[in-house]
file start19.tsv (TSV, C-alpha atoms)
chain	number	residue	atom	x	y	z
A	26	MET	CA	-12.54	14.02	-8.88
A	27	LYS	CA	-10.33	15.16	-11.78
A	28	LYS	CA	-13.30	15.16	-14.21
A	29	GLU	CA	-15.42	17.18	-11.77
A	30	LEU	CA	-12.58	19.67	-11.31
A	31	LYS	CA	-12.13	20.13	-15.08
A	32	LEU	CA	-15.90	20.61	-15.52
A	33	LEU	CA	-16.00	23.20	-12.73
A	34	VAL	CA	-13.07	25.15	-14.20
A	35	ALA	CA	-14.70	25.05	-17.65
A	36	ILE	CA	-18.00	26.42	-16.25
A	37	TYR	CA	-16.21	29.24	-14.44
A	38	ASN	CA	-14.25	30.09	-17.58
A	39	PHE	CA	-17.45	30.27	-19.60
A	40	LEU	CA	-19.28	32.44	-17.03
A	41	PHE	CA	-16.25	34.70	-16.65
A	42	ILE	CA	-16.01	35.32	-20.40
A	43	ILE	CA	-19.76	36.04	-20.71
A	44	LEU	CA	-19.78	38.45	-17.77
A	45	LEU	CA	-16.59	40.10	-18.96
A	46	ILE	CA	-18.16	40.77	-22.36
A	47	ILE	CA	-21.23	42.26	-20.66
A	48	SER	CA	-19.03	44.45	-18.47
A	49	ILE	CA	-17.01	45.72	-21.45
A	50	PHE	CA	-20.27	46.53	-23.24
A	51	GLN	CA	-21.41	48.50	-20.18
A	52	ILE	CA	-18.14	50.48	-20.19
A	53	TYR	CA	-18.79	51.65	-23.73
A	54	SER	CA	-22.39	52.43	-22.72
A	55	GLY	CA	-21.30	54.91	-20.06
A	56	TYR	CA	-21.57	52.82	-16.88
A	57	ASN	CA	-17.89	53.16	-16.12
A	58	LYS	CA	-17.76	52.91	-12.33
A	59	ILE	CA	-20.26	50.07	-12.03
A	60	SER	CA	-18.55	48.16	-14.82
A	61	LEU	CA	-15.13	48.57	-13.27
A	62	TYR	CA	-16.47	47.29	-9.95
A	63	ILE	CA	-18.05	44.30	-11.65
A	64	ILE	CA	-14.85	43.46	-13.55
A	65	SER	CA	-12.75	43.74	-10.38
A	66	ILE	CA	-15.09	41.47	-8.44
A	67	LEU	CA	-15.24	38.94	-11.27
A	68	ILE	CA	-11.47	38.79	-11.63
A	69	ALA	CA	-11.04	38.40	-7.85
A	70	LEU	CA	-13.61	35.60	-7.71
A	71	TYR	CA	-12.06	33.92	-10.72
A	72	ILE	CA	-8.54	33.95	-9.26
A	73	PHE	CA	-9.80	32.76	-5.86
A	74	THR	CA	-11.77	29.89	-7.41
A	75	ILE	CA	-8.89	28.66	-9.56
A	76	TYR	CA	-6.53	28.91	-6.57
A	77	TYR	CA	-8.82	27.07	-4.18
A	78	PHE	CA	-9.86	24.19	-6.41
A	79	TYR	CA	-6.66	23.60	-8.36
A	80	PHE	CA	-3.43	25.41	-7.46
A	81	ARG	CA	-3.92	25.02	-3.71
A	82	LYS	CA	-3.93	21.25	-4.07
A	83	LYS	CA	-1.15	21.13	-6.67
A	84	ILE	CA	1.31	23.62	-5.22
A	85	PHE	CA	0.75	23.05	-1.52
A	86	SER	CA	0.03	19.30	-1.54
A	87	GLU	CA	3.14	18.55	0.50
A	88	ILE	CA	2.26	21.17	3.11
A	89	PHE	CA	-1.35	20.07	3.49
A	90	ASN	CA	-0.33	16.41	3.22
A	91	PHE	CA	-3.37	14.98	1.44
A	92	SER	CA	-3.31	11.24	2.25
A	93	ALA	CA	-3.99	9.04	-0.75
A	94	PRO	CA	-6.60	6.31	-0.18
A	95	LYS	CA	-5.15	2.81	0.35
A	96	ILE	CA	-6.79	-0.02	-1.61
A	97	LEU	CA	-6.61	-3.50	-0.07
A	98	ASP	CA	-6.37	-6.50	-2.40
A	99	THR	CA	-7.50	-10.06	-1.70
A	100	SER	CA	-4.05	-11.43	-0.80
A	101	VAL	CA	-3.32	-8.86	1.89
A	102	ILE	CA	-6.76	-9.32	3.47
A	103	ILE	CA	-6.33	-13.10	3.64
A	104	ASP	CA	-2.76	-12.71	4.94
A	105	GLY	CA	-4.13	-10.99	8.06
A	106	ARG	CA	-1.09	-8.96	9.15
A	107	ILE	CA	-2.74	-5.84	7.72
A	108	VAL	CA	-5.21	-5.94	10.64
A	109	ASP	CA	-2.49	-5.25	13.23
A	110	ILE	CA	-0.73	-2.73	10.97
A	111	LEU	CA	-3.97	-0.74	10.67
A	112	LYS	CA	-4.67	-0.98	14.40
A	113	VAL	CA	-1.40	0.77	15.26
A	114	ASN	CA	-2.07	3.60	12.75
A	115	PHE	CA	0.92	2.99	10.49
A	116	ILE	CA	-1.30	3.59	7.44
A	117	GLU	CA	-3.11	6.93	7.15
A	118	GLY	CA	-6.06	7.96	5.04
A	119	LYS	CA	-9.14	6.10	3.90
A	120	ILE	CA	-8.90	2.31	3.58
A	121	VAL	CA	-10.74	1.23	0.44
A	122	ILE	CA	-12.25	-2.24	0.04
A	123	PRO	CA	-13.49	-2.66	-3.56
A	124	ARG	CA	-16.79	-4.48	-4.00
A	125	PHE	CA	-15.17	-6.82	-6.55
A	126	VAL	CA	-12.59	-7.86	-3.91
A	127	LEU	CA	-15.41	-8.67	-1.49
A	128	LYS	CA	-17.03	-10.71	-4.23
A	129	GLU	CA	-13.82	-12.66	-4.81
A	130	LEU	CA	-13.51	-13.40	-1.06
A	131	GLN	CA	-17.13	-14.58	-0.97
A	132	GLN	CA	-16.51	-16.90	-3.94
A	133	LEU	CA	-13.51	-18.38	-2.13
A	134	ALA	CA	-15.54	-18.82	1.06
A	135	ASP	CA	-18.25	-20.67	-0.90
A	136	SER	CA	-15.76	-22.89	-2.74
A	137	SER	CA	-16.06	-26.68	-2.58
A	138	GLU	CA	-12.29	-26.92	-2.06
A	139	SER	CA	-11.40	-26.96	1.62
A	140	LEU	CA	-8.26	-24.82	1.31
A	141	LYS	CA	-9.96	-22.10	-0.75
A	142	LYS	CA	-12.97	-22.12	1.58
A	143	ASN	CA	-10.77	-21.65	4.66
A	144	ARG	CA	-8.81	-18.84	3.01
A	145	GLY	CA	-11.99	-17.04	1.97
A	146	ARG	CA	-13.60	-17.32	5.39
A	147	TYR	CA	-10.42	-16.21	7.13
A	148	GLY	CA	-10.28	-13.17	4.81
A	149	LEU	CA	-13.90	-12.25	5.61
A	150	ASP	CA	-13.15	-12.60	9.34
A	151	ASN	CA	-10.19	-10.26	8.93
A	152	LEU	CA	-12.40	-7.71	7.17
A	153	SER	CA	-14.87	-7.84	10.06
A	154	ARG	CA	-12.02	-7.13	12.49
A	155	ILE	CA	-10.78	-4.23	10.34
A	156	ARG	CA	-14.30	-2.77	10.12
A	157	LYS	CA	-14.74	-3.07	13.87
A	158	GLU	CA	-11.40	-1.41	14.65
A	159	LEU	CA	-11.41	1.44	12.12
A	160	GLY	CA	-15.10	2.20	11.54
A	161	ASN	CA	-15.51	5.27	9.32
A	162	GLN	CA	-11.97	5.00	7.98
A	163	ILE	CA	-13.13	2.01	5.90
A	164	VAL	CA	-14.84	2.70	2.56
A	165	ILE	CA	-16.58	0.04	0.47
A	166	GLU	CA	-15.98	1.16	-3.13
A	167	GLU	CA	-18.78	0.25	-5.54
A	168	LYS	CA	-16.88	1.30	-8.66
A	169	ASP	CA	-16.39	-1.64	-11.02
A	170	PHE	CA	-14.97	-2.15	-14.48
A	171	PRO	CA	-17.30	-4.63	-16.25
A	172	ASN	CA	-15.12	-4.90	-19.35
A	173	VAL	CA	-12.07	-5.90	-17.28
A	174	HIS	CA	-12.05	-9.54	-16.15
A	175	SER	CA	-8.85	-9.69	-14.08
A	176	VAL	CA	-9.15	-8.51	-10.47
A	177	ASP	CA	-5.54	-7.28	-10.57
A	178	SER	CA	-6.28	-5.11	-13.61
A	179	LYS	CA	-9.41	-3.77	-11.91
A	180	LEU	CA	-7.36	-2.79	-8.86
A	181	VAL	CA	-4.88	-0.91	-11.05
A	182	LYS	CA	-7.69	0.93	-12.86
A	183	LEU	CA	-9.38	1.79	-9.56
A	184	ALA	CA	-6.10	3.12	-8.14
A	185	LYS	CA	-5.75	5.40	-11.17
A	186	PHE	CA	-9.40	6.48	-10.94
A	187	ILE	CA	-9.25	7.54	-7.26
A	188	ASN	CA	-5.53	8.40	-7.24
A	189	GLY	CA	-4.89	5.74	-4.61
A	190	LYS	CA	-2.18	3.30	-3.53
A	191	ILE	CA	-2.48	-0.50	-3.57
A	192	VAL	CA	-1.70	-2.59	-0.48
A	193	THR	CA	-0.78	-6.14	-1.50
A	194	ASN	CA	1.39	-9.22	-1.00
A	195	ASP	CA	0.90	-10.46	-4.55
A	196	TYR	CA	4.10	-10.48	-6.64
A	197	GLY	CA	2.31	-10.22	-9.99
A	198	LEU	CA	0.06	-7.34	-8.90
A	199	ASN	CA	3.09	-5.61	-7.40
A	200	LYS	CA	4.90	-5.70	-10.76
A	201	LEU	CA	1.82	-4.73	-12.80
A	202	ALA	CA	0.99	-1.75	-10.58
A	203	LYS	CA	4.55	-0.41	-10.66
A	204	ILE	CA	4.63	-0.68	-14.47
A	205	GLU	CA	1.41	1.35	-14.56
A	206	GLY	CA	2.94	3.97	-12.25
A	207	ILE	CA	0.86	3.05	-9.19
A	208	THR	CA	2.46	3.23	-5.73
A	209	VAL	CA	2.43	-0.18	-4.02
A	210	LEU	CA	2.65	-0.87	-0.28
A	211	ASN	CA	3.91	-4.46	0.00
A	212	ILE	CA	3.46	-6.08	3.42
A	213	ASN	CA	6.18	-8.67	2.75
A	214	GLU	CA	8.69	-5.93	1.92
A	215	LEU	CA	7.68	-4.11	5.10
A	216	ALA	CA	8.17	-7.27	7.17
A	217	ASN	CA	11.63	-7.84	5.67
A	218	ALA	CA	12.60	-4.25	6.37
A	219	LEU	CA	11.59	-4.61	10.03
A	220	LYS	CA	13.58	-7.78	10.70
A	221	PRO	CA	16.44	-7.32	13.20
A	222	ILE	CA	19.90	-6.68	11.76
A	223	TYR	CA	22.50	-9.28	12.75
A	224	LEU	CA	26.15	-8.39	12.34
A	225	PRO	CA	29.10	-10.76	11.86
A	226	GLY	CA	30.33	-11.95	15.25
A	227	GLU	CA	26.91	-11.90	16.96
A	228	GLU	CA	25.75	-15.09	18.67
A	229	LEU	CA	22.40	-16.82	18.15
A	230	GLN	CA	20.68	-19.72	19.87
A	231	LEU	CA	19.33	-21.94	17.11
A	232	ASN	CA	17.50	-25.21	16.51
A	233	ILE	CA	19.07	-27.06	13.58
A	234	LEU	CA	16.10	-28.53	11.71
A	235	LYS	CA	17.38	-29.93	8.43
A	236	GLU	CA	20.29	-30.42	6.08
A	237	GLY	CA	21.47	-27.56	3.87
A	238	LYS	CA	22.15	-27.56	0.12
A	239	GLU	CA	25.91	-27.75	0.49
A	240	VAL	CA	27.78	-30.66	2.04
A	241	GLY	CA	27.76	-30.60	5.84
A	242	GLN	CA	25.44	-27.60	6.18
A	243	GLY	CA	22.60	-27.43	8.70
A	244	VAL	CA	19.60	-25.09	8.49
A	245	GLY	CA	17.52	-23.47	11.20
A	246	TYR	CA	15.06	-20.55	11.43
A	247	LEU	CA	14.71	-17.55	13.71
A	248	GLU	CA	11.36	-16.60	15.25
A	249	ASP	CA	10.69	-14.09	12.44
A	250	GLY	CA	11.23	-16.79	9.79
A	251	THR	CA	14.75	-15.75	8.77
A	252	MET	CA	16.73	-18.75	7.49
A	253	VAL	CA	20.11	-19.44	9.10
A	254	VAL	CA	22.58	-21.65	7.21
A	255	VAL	CA	25.17	-23.16	9.56
A	256	GLU	CA	28.53	-24.39	8.32
A	257	ASN	CA	29.20	-27.97	9.46
A	258	GLY	CA	25.81	-27.93	11.18
A	259	LYS	CA	24.45	-31.15	9.68
A	260	LYS	CA	25.62	-33.29	12.62
A	261	TYR	CA	23.61	-31.06	14.99
A	262	ILE	CA	20.22	-31.66	13.31
A	263	GLY	CA	17.63	-31.91	16.08
A	264	SER	CA	19.81	-30.02	18.56
A	265	ASN	CA	19.67	-26.51	19.98
A	266	ILE	CA	23.12	-24.92	19.71
A	267	LYS	CA	24.89	-21.58	19.78
A	268	VAL	CA	26.09	-20.25	16.44
A	269	VAL	CA	28.12	-17.20	15.42
A	270	VAL	CA	27.03	-15.04	12.49
A	271	THR	CA	29.62	-14.91	9.70
A	272	SER	CA	27.70	-12.99	7.01
A	273	VAL	CA	24.24	-11.79	5.98
A	274	PHE	CA	22.89	-12.07	2.43
A	275	GLN	CA	19.87	-10.07	1.21
A	276	THR	CA	17.67	-11.66	-1.46
A	277	ALA	CA	14.38	-10.67	-3.11
A	278	ALA	CA	12.59	-13.23	-0.92
A	279	GLY	CA	14.20	-12.03	2.30
A	280	ARG	CA	17.36	-12.17	4.36
A	281	ILE	CA	19.60	-15.25	4.78
A	282	ILE	CA	22.10	-15.49	7.63
A	283	PHE	CA	25.23	-17.60	7.35
A	284	ALA	CA	26.83	-18.81	10.57
A	285	LYS	CA	29.18	-21.32	12.08
A	286	VAL	CA	28.94	-23.41	15.23
A	287	LYS	CA	30.35	-21.59	18.25
A	288	GLU	CA	33.42	-23.36	19.56
A	289	GLU	CA	33.29	-23.82	23.30
A	290	LYS	CA	36.48	-22.89	25.09
A	291	LYS	CA	38.18	-25.88	26.56
A	292	ILE	CA	39.21	-25.63	30.21
A	293	VAL	CA	42.82	-26.69	30.66

call {"tool": "encode", "arguments": {"input": "start19.tsv", "output": "structure tokens"}}
result
Amino acid sequence: MKKELKLLVAIYNFLFIILLIISIFQIYSGYNKISLYIISILIALYIFTIYYFYFRKKIFSEIFNFSAPKILDTSVIIDGRIVDILKVNFIEGKIVIPRFVLKELQQLADSSESLKKNRGRYGLDNLSRIRKELGNQIVIEEKDFPNVHSVDSKLVKLAKFINGKIVTNDYGLNKLAKIEGITVLNINELANALKPIYLPGEELQLNILKEGKEVGQGVGYLEDGTMVVVENGKKYIGSNIKVVVTSVFQTAAGRIIFAKVKEEKKIV
């Protein structure tokens, strides 16, 4: 798009200069009124063209809200949560599926390794669901970069080429894209941001599943996968008990809740 825009502006500049020279020549030849009309029309057309194809998009981009295309990578397609996110319209604009990502999914689906095969087939099933739900919003991008071997690097180059954003769960791609100045929509970060906030003093019903790292600790998990570390909870492993939140710790991997066993009031 940028190359086409530059070419168009260059052509208009060239035509404008040629016609302007002709008009100036006509002025000196005695065709004053006609020449003035021609110059006025040319200048008006020139300003309108530059405004419409360049400044309108640059200056008023926030007002017109041009949605950047979203490029899905292999990890987020296999993960599957993107299907429901797209269904509820949380992501606007065109959804781009690169042909080289489809190829990678097909290679996984044809793999002799059971785990890879299942992941590939599940990813292809998710793509079918996305295609069925969104229809024309989905674009299969044929653009490839033959000299680039890494799929992650191809995604970054494609994002730059179409001025798009990358949707991923992959930690390495996330870091690479941000270094290259590409906006990344990370589904794991979104999931962590949407987890309920628990404040100190709140009560939780929890299954203690295993021993913690520190002496006497027990560990359980909430429905959304949040880990809860319970002080003196080791002796309750295998039991469902009430705990009281003491603190919440945010890590790069997610949120960890620290709690203690709720003391039942004794009846005197």

call {"tool": "atom_distance", "arguments": {"input": "start19.tsv", "atom1": "CA of Asn232 (chain A)", "atom2": "CA of Glu214 (chain A)"}}
result
25.7 Å

call {"tool": "closest_residue", "arguments": {"input": "start19.tsv", "among": "A:His174, A:Pro94, A:Lys157, A:Gly148", "to": "Phe186 (chain A)", "atoms": "all atoms listed in the file"}}
result
A:Pro94

call {"tool": "closest_residue", "arguments": {"input": "start19.tsv", "among": "A:Pro221, A:Gly118, A:Gly237, A:Pro123", "to": "Asp249 (chain A)", "atoms": "only C-alpha atoms"}}
result
A:Pro221

call {"tool": "closest_residue", "arguments": {"input": "start19.tsv", "among": "A:Gly145, A:Asp169, A:Val101, A:Lys95", "to": "Asn194 (chain A)", "atoms": "all atoms listed in the file"}}
result
A:Val101

call {"tool": "closest_residue", "arguments": {"input": "start19.tsv", "among": "A:Thr193, A:Gln230, A:Ser137, A:Asn211", "to": "Thr99 (chain A)", "atoms": "only C-alpha atoms"}}
result
A:Thr193

call {"tool": "residues_around", "arguments": {"input": "start19.tsv", "residues": "Glu205 (chain A)", "least_positions_apart": "5", "cutoff": "9 Å", "atoms": "only C-alpha atoms", "output": "number ranges by chain"}}
result
A: 181, 185, 200

call {"tool": "closest_residue", "arguments": {"input": "start19.tsv", "among": "A:Asn143, A:Leu229, A:Glu248, A:Gly243", "to": "Ile266 (chain A)", "atoms": "all atoms listed in the file"}}
result
A:Leu229

call {"tool": "closest_residue", "arguments": {"input": "start19.tsv", "among": "A:Arg144, A:Lys168, A:Arg280, A:Arg106", "to": "Ile122 (chain A)", "atoms": "all atoms listed in the file"}}
result
A:Lys168

call {"tool": "atom_distance", "arguments": {"input": "start19.tsv", "atom1": "CA of Asn217 (chain A)", "atom2": "CA of Met252 (chain A)"}}
result
12.2 Å

call {"tool": "residues_around", "arguments": {"input": "start19.tsv", "residues": "Ser178 (chain A)", "least_positions_apart": "4", "cutoff": "9 Å", "atoms": "only C-alpha atoms", "output": "list in words"}}
result
Val173, His174, Lys182, Leu183, Leu198, Leu201 and Ala202 of chain A

call {"tool": "residues_around", "arguments": {"input": "start19.tsv", "residues": "Arg124 (chain A)", "least_positions_apart": "2", "cutoff": "7 Å", "atoms": "all atoms listed in the file", "output": "number ranges by chain"}}
result
A: 122, 126-128, 165-167

call {"tool": "atom_distance", "arguments": {"input": "start19.tsv", "atom1": "CA of Glu117 (chain A)", "atom2": "CA of Gly250 (chain A)"}}
result
27.8 Å

call {"tool": "axis_aligned_box", "arguments": {"input": "start19.tsv", "around": "region 221-231 of chain A", "padding_each_side": "3 Å", "output": "lines of an AutoDock Vina configuration file"}}
result
center_x = 23.4
center_y = -14.3
center_z = 15.8
size_x = 19.9
size_y = 21.3
size_z = 14.1
